[in-house]
Amino acid sequence: MDTLFDDLLTEEQMQFRHAVRGFAERHLAAGALGRAHEPGFPFDVAKLMAEQGLLGLTFAEADGGAGGTLMDAILAIETVAAVCPRSADVIQAGNFGPIRTFVEYATDDQKQRYLGKLLAGEAVISVGMSEPEAGSAVTDLVTGARADGDGFRVNGTKVFSSHSPDADLFLVYVRYGPGTDGIGSVLIERGAKGFTIGRPSRYVGGDDWCQLYFEDVRVGPENVLLREGGFKKQIAAFNIERLGNSARALAFGRHAFNLARDHAEIRVQFGRPLAEFQGIQWKFAEVAARMEAAQLMLYRVAQRAADRLPTAYETALVKYLCNEAGFLAANEAMQVMGGLGYSQDSLVEYCWRRARGWQIAGGSLEMMKNRLAEGVFGRRFSQRPPKPIS
């Protein structure tokens with residue numbers, strides 16, 4: 001379990017990682033390969049993790065969480081992924097993404113109604129953000145919330161929503177009015193009148209998603225999460241989600257790397273183990289260097305987050321480095337292992353598929369480079385065409 005960066009961890013964090021490793025080996029090691037190919041959200045794993053306090057790690061104790069840090073959640077993701085990659089997604093779902101936005105801005109009443117089941121592993125929340133014409137340009141969303149008495153009527157559609165086939169609750173980005181300042185969000189329950197969930201579609205990574213359709217869905221004031229002006233708050237929480245994305249990408253890459261390293265030690269070709277060929281050695285050397293550099297940046301930003309929220313520049317840098325390093329590791333692992341790595345008899349191909357998807361999800365690598373360029377030059381660069389001169 002020792003790593004190059006153990007000196008960056010506190011004694012308490014080291015003990016926590018050791019405890020999580022023991023839990024994963026006892027409960028998750030058996031069946032890790034099969035679990036990677038099972039459809040649907042693994043509620044059985046979620047309930048086990050809830051019992052261990054791994055859901056809501058970063059949330060306040062008053063909200064039912066453990067009062068931990070982002071670093072704790074990242075360590076949990078890495079440690080579980082080393083044993084069972086699929087189960088690391090459950091920690092992501094229970095600490096990052098829509099659940100974090102919900103906990104940050106929900107009213108006491110909303111938390112009382114929904115948070116208990118989410119943190120018990122009995123339910124999962126999905127975010128309705130992307131639309132057919134609003135992906136990276138998320139502020140172009142058109143799903144609208146029209147005032148209706150003391151509530152709203154929601155009309156529109158969403159795509160690419162993680163966990164949408166299994167979610168009981170949907171955090172939906174909506175437009176109350178024009179411009180970025182007109183964007184906020186509402187909470188819509190599965191089964192709400194006028195809310196239709198389309199047939200599942202499957203990503204290459206194995207997850208299913210469903211298109212969401214809203215036709216005059218009534219949202220009462222008790223289920224409004226953020227009103228106009230809420231977009232920047234939502235994106236601030238989304239920046240943190242990128243740390244979870246980064247941790248999984250790097251951890252899955254490392255899992256594949258370790259499998260390939262062990263394979264290279266025992267697989268003999270032309271009378272020698274693969275590890276004795278310089279071409280193979282250089283693959284591992286390059287991957288190790290890229291992973292260690294990305295790991296250092298991830299830990300640095302996560303540790304800083306104990307005192308302040310990470311900046312958009314920091315999270316873009318971490319996501320870019322970890323996504324690239326994680327996919328490179330999985331890709332080279334597959335190449336080293338040949339047909340075995342390409343087969344579903346190994347977790348390498350699963351790690352490869354998942355790591356590839358994270359280069360798109362949570363902000364594409366191209367968008368991350370846009371954010372980095374803005375940090376370099378100290379100003380925003382609009383990707384939209386210039387407005388015509390009147």
# chains A, B, ... in the order shown; residues from 1 in each chain; ligands from 1

$ select_by_dssp --residues "stretch 45-102 of chain A" --states "alpha helix (DSSP H)" --output "ChimeraX atom specification"
/A:45-51,70-81,85-93,98-102

$ residues_around --residues "stretch 220-237 of chain A" --least-positions-apart "6" --cutoff "6 Å" --atoms "only C-alpha atoms" --output "list in words"
Thr101, Ala106, Gly151, Asp181, Gly182, Ile183, Gly184, Ser185, Val186 and Leu187 of chain A

$ write_last_selection --atoms "N, CA and C atoms" --output "PDB file, in the first residue's frame"
ATOM      1  N   THR A 101     -23.972  18.857  -4.834  1.00  0.00           N
ATOM      2  CA  THR A 101     -24.723  20.088  -5.104  1.00  0.00           C
ATOM      3  C   THR A 101     -25.978  20.130  -4.248  1.00  0.00           C
ATOM      4  N   ALA A 106     -29.496  22.468  -0.589  1.00  0.00           N
ATOM      5  CA  ALA A 106     -30.848  22.029  -0.235  1.00  0.00           C
ATOM      6  C   ALA A 106     -31.303  22.643   1.082  1.00  0.00           C
ATOM      7  N   GLY A 151     -45.334  27.852  -7.748  1.00  0.00           N
ATOM      8  CA  GLY A 151     -44.344  26.902  -8.241  1.00  0.00           C
ATOM      9  C   GLY A 151     -44.011  27.145  -9.693  1.00  0.00           C
ATOM     10  N   ASP A 181     -27.581  34.183 -15.951  1.00  0.00           N
ATOM     11  CA  ASP A 181     -28.190  34.492 -14.659  1.00  0.00           C
ATOM     12  C   ASP A 181     -29.607  33.950 -14.521  1.00  0.00           C
ATOM     13  N   GLY A 182     -30.181  33.508 -15.632  1.00  0.00           N
ATOM     14  CA  GLY A 182     -31.539  32.968 -15.574  1.00  0.00           C
ATOM     15  C   GLY A 182     -31.583  31.476 -15.285  1.00  0.00           C
ATOM     16  N   ILE A 183     -30.424  30.862 -15.049  1.00  0.00           N
ATOM     17  CA  ILE A 183     -30.355  29.409 -14.868  1.00  0.00           C
ATOM     18  C   ILE A 183     -30.306  29.045 -13.386  1.00  0.00           C
ATOM     19  N   GLY A 184     -31.063  28.020 -13.012  1.00  0.00           N
ATOM     20  CA  GLY A 184     -31.054  27.481 -11.654  1.00  0.00           C
ATOM     21  C   GLY A 184     -31.348  25.997 -11.721  1.00  0.00           C
ATOM     22  N   SER A 185     -31.967  25.439 -10.700  1.00  0.00           N
ATOM     23  CA  SER A 185     -32.229  24.001 -10.709  1.00  0.00           C
ATOM     24  C   SER A 185     -33.415  23.651  -9.823  1.00  0.00           C
ATOM     25  N   VAL A 186     -34.038  22.520 -10.151  1.00  0.00           N
ATOM     26  CA  VAL A 186     -35.168  22.017  -9.382  1.00  0.00           C
ATOM     27  C   VAL A 186     -34.957  20.527  -9.113  1.00  0.00           C
ATOM     28  N   LEU A 187     -35.737  19.995  -8.188  1.00  0.00           N
ATOM     29  CA  LEU A 187     -35.711  18.579  -7.854  1.00  0.00           C
ATOM     30  C   LEU A 187     -36.989  17.931  -8.367  1.00  0.00           C
TER      31      LEU A 187
END

$ closest_atom_pairs --of "stretch 304-323 of chain A" --to "stretch 356-371 of chain A" --cutoff "10 Å" --atoms "only C-alpha atoms" --output "tab-separated table"
residue	atom	partner	partner_atom	distance
A:Ala312	CA	A:Arg371	CA	7.1
A:Tyr313	CA	A:Arg371	CA	6.1
A:Glu314	CA	A:Arg371	CA	9.4
A:Thr315	CA	A:Met368	CA	8.5
A:Ala316	CA	A:Met368	CA	4.9
A:Leu317	CA	A:Met368	CA	7.1
A:Val318	CA	A:Met368	CA	9.3
A:Lys319	CA	A:Met368	CA	7.4
A:Tyr320	CA	A:Leu365	CA	5.9
A:Leu321	CA	A:Leu365	CA	9.4
A:Cys322	CA	A:Gln359	CA	9.3
A:Asn323	CA	A:Gln359	CA	5.7

$ write_last_selection --atoms "C-alpha atoms" --output "mmCIF file, in the first residue's frame"
data_model
loop_
_atom_site.group_PDB
_atom_site.id
_atom_site.type_symbol
_atom_site.label_atom_id
_atom_site.label_comp_id
_atom_site.auth_asym_id
_atom_site.auth_seq_id
_atom_site.Cartn_x
_atom_site.Cartn_y
_atom_site.Cartn_z
ATOM 1 C CA ALA A 312 -11.499 26.294 -12.074
ATOM 2 C CA TYR A 313 -7.854 26.408 -13.195
ATOM 3 C CA GLU A 314 -6.794 23.884 -10.553
ATOM 4 C CA THR A 315 -9.562 21.408 -11.295
ATOM 5 C CA ALA A 316 -9.019 21.743 -15.053
ATOM 6 C CA LEU A 317 -5.314 21.025 -14.574
ATOM 7 C CA VAL A 318 -5.988 18.001 -12.376
ATOM 8 C CA LYS A 319 -8.636 16.576 -14.676
ATOM 9 C CA TYR A 320 -6.491 17.043 -17.766
ATOM 10 C CA LEU A 321 -3.432 15.389 -16.216
ATOM 11 C CA CYS A 322 -5.300 12.516 -14.540
ATOM 12 C CA ASN A 323 -7.530 11.754 -17.528
#

$ closest_atom_pairs --of "stretch 282-342 of chain A" --to "stretch 250-273 of chain A" --cutoff "8 Å" --atoms "only C-alpha atoms" --output "JSON lines"
{"residue": "A:Phe284", "atom": "CA", "partner": "A:Arg261", "partner_atom": "CA", "distance": 7.8}
{"residue": "A:Met291", "atom": "CA", "partner": "A:Leu250", "partner_atom": "CA", "distance": 7.0}
{"residue": "A:Ala294", "atom": "CA", "partner": "A:Leu250", "partner_atom": "CA", "distance": 7.8}
{"residue": "A:Gln295", "atom": "CA", "partner": "A:Leu250", "partner_atom": "CA", "distance": 7.6}
{"residue": "A:Cys322", "atom": "CA", "partner": "A:Leu250", "partner_atom": "CA", "distance": 5.4}
{"residue": "A:Asn323", "atom": "CA", "partner": "A:Leu250", "partner_atom": "CA", "distance": 6.7}
{"residue": "A:Ala325", "atom": "CA", "partner": "A:Leu250", "partner_atom": "CA", "distance": 6.6}
{"residue": "A:Gly326", "atom": "CA", "partner": "A:Gly253", "partner_atom": "CA", "distance": 4.1}
{"residue": "A:Phe327", "atom": "CA", "partner": "A:Gly253", "partner_atom": "CA", "distance": 6.0}
{"residue": "A:Leu328", "atom": "CA", "partner": "A:Gly253", "partner_atom": "CA", "distance": 7.4}
{"residue": "A:Ala329", "atom": "CA", "partner": "A:Gly253", "partner_atom": "CA", "distance": 4.9}
{"residue": "A:Ala330", "atom": "CA", "partner": "A:Gly253", "partner_atom": "CA", "distance": 4.8}
{"residue": "A:Glu332", "atom": "CA", "partner": "A:Phe257", "partner_atom": "CA", "distance": 7.9}
{"residue": "A:Ala333", "atom": "CA", "partner": "A:Ala260", "partner_atom": "CA", "distance": 5.1}
{"residue": "A:Met334", "atom": "CA", "partner": "A:Ala260", "partner_atom": "CA", "distance": 7.5}
{"residue": "A:Val336", "atom": "CA", "partner": "A:Ala260", "partner_atom": "CA", "distance": 6.5}
{"residue": "A:Met337", "atom": "CA", "partner": "A:Ala260", "partner_atom": "CA", "distance": 6.1}

$ residues_around --residues "A:Ser162" --least-positions-apart "6" --cutoff "10 Å" --atoms "only C-alpha atoms" --output "PyMOL selection string"
chain A and resi 41+93+97-98+124-128+207-210+361

$ write_last_selection --atoms "C-alpha atoms" --output "mmCIF file, in the first residue's frame"
data_model
loop_
_atom_site.group_PDB
_atom_site.id
_atom_site.type_symbol
_atom_site.label_atom_id
_atom_site.label_comp_id
_atom_site.auth_asym_id
_atom_site.auth_seq_id
_atom_site.Cartn_x
_atom_site.Cartn_y
_atom_site.Cartn_z
ATOM 1 C CA PHE A 41 -26.377 0.698 -10.104
ATOM 2 C CA ALA A 93 -21.965 8.826 -6.556
ATOM 3 C CA GLY A 97 -21.655 15.281 -8.496
ATOM 4 C CA PRO A 98 -25.357 15.980 -7.962
ATOM 5 C CA VAL A 124 -29.257 7.335 -6.102
ATOM 6 C CA ILE A 125 -29.585 10.850 -7.511
ATOM 7 C CA SER A 126 -29.096 11.808 -11.170
ATOM 8 C CA VAL A 127 -28.335 15.205 -12.683
ATOM 9 C CA GLY A 128 -30.216 16.534 -15.704
ATOM 10 C CA ASP A 207 -23.210 2.478 -17.937
ATOM 11 C CA ASP A 208 -26.742 3.042 -19.171
ATOM 12 C CA TRP A 209 -28.446 6.413 -19.508
ATOM 13 C CA CYS A 210 -31.945 7.455 -20.520
ATOM 14 C CA ALA A 361 -17.528 13.299 -19.025
#

$ atom_distance --atom1 "atom CA of A:Gln335" --atom2 "atom CA of A:Arg354"
16.3 Å

$ closest_atom_pairs --of "stretch 72-172 of chain A" --to "stretch 189-200 of chain A" --cutoff "7 Å" --atoms "only C-alpha atoms" --output "Markdown table"
| residue | atom | partner | partner_atom | distance |
| --- | --- | --- | --- | --- |
| A:Pro165 | CA | A:Pro200 | CA | 6.8 |
| A:Asp168 | CA | A:Arg190 | CA | 5.1 |
| A:Leu169 | CA | A:Glu189 | CA | 4.7 |
| A:Phe170 | CA | A:Glu189 | CA | 6.2 |

$ write_last_selection --atoms "N, CA and C atoms" --output "mmCIF file, in the first residue's frame"
data_model
loop_
_atom_site.group_PDB
_atom_site.id
_atom_site.type_symbol
_atom_site.label_atom_id
_atom_site.label_comp_id
_atom_site.auth_asym_id
_atom_site.auth_seq_id
_atom_site.Cartn_x
_atom_site.Cartn_y
_atom_site.Cartn_z
ATOM 1 N N PRO A 165 -31.311 5.452 -15.302
ATOM 2 C CA PRO A 165 -32.229 4.311 -15.283
ATOM 3 C C PRO A 165 -32.626 3.879 -13.878
ATOM 4 N N ASP A 168 -34.029 7.717 -8.234
ATOM 5 C CA ASP A 168 -35.334 8.098 -7.699
ATOM 6 C C ASP A 168 -35.526 9.604 -7.717
ATOM 7 N N LEU A 169 -34.404 10.345 -7.754
ATOM 8 C CA LEU A 169 -34.444 11.802 -7.665
ATOM 9 C C LEU A 169 -33.548 12.386 -8.736
ATOM 10 N N PHE A 170 -34.028 13.461 -9.366
ATOM 11 C CA PHE A 170 -33.287 14.113 -10.442
ATOM 12 C C PHE A 170 -33.092 15.583 -10.118
#

$ residues_around --residues "stretch 8-18 of chain A" --least-positions-apart "3" --cutoff "8 Å" --atoms "only C-alpha atoms" --output "PDB file with N, CA and C atoms, in the first residue's frame"
ATOM      1  N   PHE A   5       3.764   9.089  -2.286  1.00  0.00           N
ATOM      2  CA  PHE A   5       3.214  10.304  -1.687  1.00  0.00           C
ATOM      3  C   PHE A   5       2.690  10.090  -0.268  1.00  0.00           C
ATOM      4  N   ARG A  21      -9.008  -0.311   2.787  1.00  0.00           N
ATOM      5  CA  ARG A  21      -8.429  -1.433   2.055  1.00  0.00           C
ATOM      6  C   ARG A  21      -8.907  -2.764   2.647  1.00  0.00           C
ATOM      7  N   GLY A  22      -8.926  -2.845   3.969  1.00  0.00           N
ATOM      8  CA  GLY A  22      -9.406  -4.061   4.611  1.00  0.00           C
ATOM      9  C   GLY A  22     -10.853  -4.342   4.278  1.00  0.00           C
ATOM     10  N   ASP A  72     -10.204  12.660   1.918  1.00  0.00           N
ATOM     11  CA  ASP A  72     -10.703  11.367   2.404  1.00  0.00           C
ATOM     12  C   ASP A  72     -11.472  10.638   1.303  1.00  0.00           C
ATOM     13  N   LEU A  75      -9.040   9.330  -1.336  1.00  0.00           N
ATOM     14  CA  LEU A  75      -8.340   8.146  -0.843  1.00  0.00           C
ATOM     15  C   LEU A  75      -9.254   6.920  -0.880  1.00  0.00           C
ATOM     16  N   ALA A  76     -10.517   7.113  -0.534  1.00  0.00           N
ATOM     17  CA  ALA A  76     -11.465   5.998  -0.569  1.00  0.00           C
ATOM     18  C   ALA A  76     -11.658   5.492  -1.998  1.00  0.00           C
ATOM     19  N   THR A  79      -8.450   3.606  -3.093  1.00  0.00           N
ATOM     20  CA  THR A  79      -8.232   2.359  -2.366  1.00  0.00           C
ATOM     21  C   THR A  79      -9.212   1.280  -2.794  1.00  0.00           C
ATOM     22  N   TYR A 299      -3.336  15.253  -5.350  1.00  0.00           N
ATOM     23  CA  TYR A 299      -3.220  15.348  -3.899  1.00  0.00           C
ATOM     24  C   TYR A 299      -3.026  16.791  -3.455  1.00  0.00           C
TER      25      TYR A 299
END

$ select_by_dssp --residues "stretch 254-285 of chain A" --states "strand (DSSP E)" --output "list of chain:residue names"
A:Val268, A:Gln269, A:Arg272, A:Pro273

$ decode --residues "stretch 223-281 of chain A" --atoms "C-alpha atoms" --output "PDB file, in the first residue's frame"
ATOM      1  CA  ASN A 223     -38.669  21.303  -4.641  1.00  0.00           C
ATOM      2  CA  VAL A 224     -36.912  24.374  -5.999  1.00  0.00           C
ATOM      3  CA  LEU A 225     -33.202  23.992  -5.259  1.00  0.00           C
ATOM      4  CA  LEU A 226     -31.724  27.165  -6.776  1.00  0.00           C
ATOM      5  CA  ARG A 227     -33.528  30.104  -8.323  1.00  0.00           C
ATOM      6  CA  GLU A 228     -32.195  32.574 -10.881  1.00  0.00           C
ATOM      7  CA  GLY A 229     -28.491  33.230 -10.421  1.00  0.00           C
ATOM      8  CA  GLY A 230     -27.847  29.705  -9.230  1.00  0.00           C
ATOM      9  CA  PHE A 231     -25.753  28.600 -12.174  1.00  0.00           C
ATOM     10  CA  LYS A 232     -22.404  29.748 -10.772  1.00  0.00           C
ATOM     11  CA  LYS A 233     -23.117  27.945  -7.498  1.00  0.00           C
ATOM     12  CA  GLN A 234     -23.910  24.752  -9.381  1.00  0.00           C
ATOM     13  CA  ILE A 235     -20.748  24.989 -11.456  1.00  0.00           C
ATOM     14  CA  ALA A 236     -18.657  25.577  -8.318  1.00  0.00           C
ATOM     15  CA  ALA A 237     -19.899  22.241  -7.018  1.00  0.00           C
ATOM     16  CA  PHE A 238     -19.292  20.736 -10.459  1.00  0.00           C
ATOM     17  CA  ASN A 239     -15.645  21.837 -10.279  1.00  0.00           C
ATOM     18  CA  ILE A 240     -15.266  19.653  -7.203  1.00  0.00           C
ATOM     19  CA  GLU A 241     -16.932  16.748  -9.048  1.00  0.00           C
ATOM     20  CA  ARG A 242     -13.958  16.859 -11.414  1.00  0.00           C
ATOM     21  CA  LEU A 243     -11.672  15.789  -8.581  1.00  0.00           C
ATOM     22  CA  GLY A 244     -13.691  12.594  -8.203  1.00  0.00           C
ATOM     23  CA  ASN A 245     -13.570  12.064 -11.961  1.00  0.00           C
ATOM     24  CA  SER A 246      -9.806  12.567 -11.860  1.00  0.00           C
ATOM     25  CA  ALA A 247      -9.296  10.199  -8.948  1.00  0.00           C
ATOM     26  CA  ARG A 248     -11.215   7.418 -10.692  1.00  0.00           C
ATOM     27  CA  ALA A 249      -9.429   7.911 -14.023  1.00  0.00           C
ATOM     28  CA  LEU A 250      -6.041   7.683 -12.359  1.00  0.00           C
ATOM     29  CA  ALA A 251      -7.034   4.827 -10.052  1.00  0.00           C
ATOM     30  CA  PHE A 252      -8.475   2.749 -12.895  1.00  0.00           C
ATOM     31  CA  GLY A 253      -5.341   3.383 -14.930  1.00  0.00           C
ATOM     32  CA  ARG A 254      -3.208   2.275 -11.985  1.00  0.00           C
ATOM     33  CA  HIS A 255      -5.304  -0.876 -11.564  1.00  0.00           C
ATOM     34  CA  ALA A 256      -4.675  -1.786 -15.212  1.00  0.00           C
ATOM     35  CA  PHE A 257      -0.998  -0.828 -14.869  1.00  0.00           C
ATOM     36  CA  ASN A 258      -0.558  -3.190 -11.909  1.00  0.00           C
ATOM     37  CA  LEU A 259      -2.238  -6.068 -13.724  1.00  0.00           C
ATOM     38  CA  ALA A 260      -0.005  -5.547 -16.761  1.00  0.00           C
ATOM     39  CA  ARG A 261       3.120  -5.250 -14.622  1.00  0.00           C
ATOM     40  CA  ASP A 262       2.395  -8.588 -12.956  1.00  0.00           C
ATOM     41  CA  HIS A 263       1.646 -10.111 -16.355  1.00  0.00           C
ATOM     42  CA  ALA A 264       4.939  -8.829 -17.808  1.00  0.00           C
ATOM     43  CA  GLU A 265       6.871 -10.534 -15.025  1.00  0.00           C
ATOM     44  CA  ILE A 266       5.508 -14.007 -15.781  1.00  0.00           C
ATOM     45  CA  ARG A 267       4.524 -13.983 -19.455  1.00  0.00           C
ATOM     46  CA  VAL A 268       7.369 -15.539 -21.483  1.00  0.00           C
ATOM     47  CA  GLN A 269       7.906 -14.870 -25.182  1.00  0.00           C
ATOM     48  CA  PHE A 270      10.991 -15.736 -27.237  1.00  0.00           C
ATOM     49  CA  GLY A 271      12.402 -17.419 -24.145  1.00  0.00           C
ATOM     50  CA  ARG A 272      12.282 -14.321 -21.903  1.00  0.00           C
ATOM     51  CA  PRO A 273       9.706 -12.627 -19.636  1.00  0.00           C
ATOM     52  CA  LEU A 274       8.108  -9.592 -21.280  1.00  0.00           C
ATOM     53  CA  ALA A 275       9.558  -7.374 -18.551  1.00  0.00           C
ATOM     54  CA  GLU A 276      13.068  -8.016 -19.918  1.00  0.00           C
ATOM     55  CA  PHE A 277      12.356  -6.374 -23.274  1.00  0.00           C
ATOM     56  CA  GLN A 278      13.354  -2.711 -23.403  1.00  0.00           C
ATOM     57  CA  GLY A 279      10.313  -1.768 -25.470  1.00  0.00           C
ATOM     58  CA  ILE A 280       8.064  -3.042 -22.689  1.00  0.00           C
ATOM     59  CA  GLN A 281      10.175  -1.426 -19.972  1.00  0.00           C
TER      60      GLN A 281
END
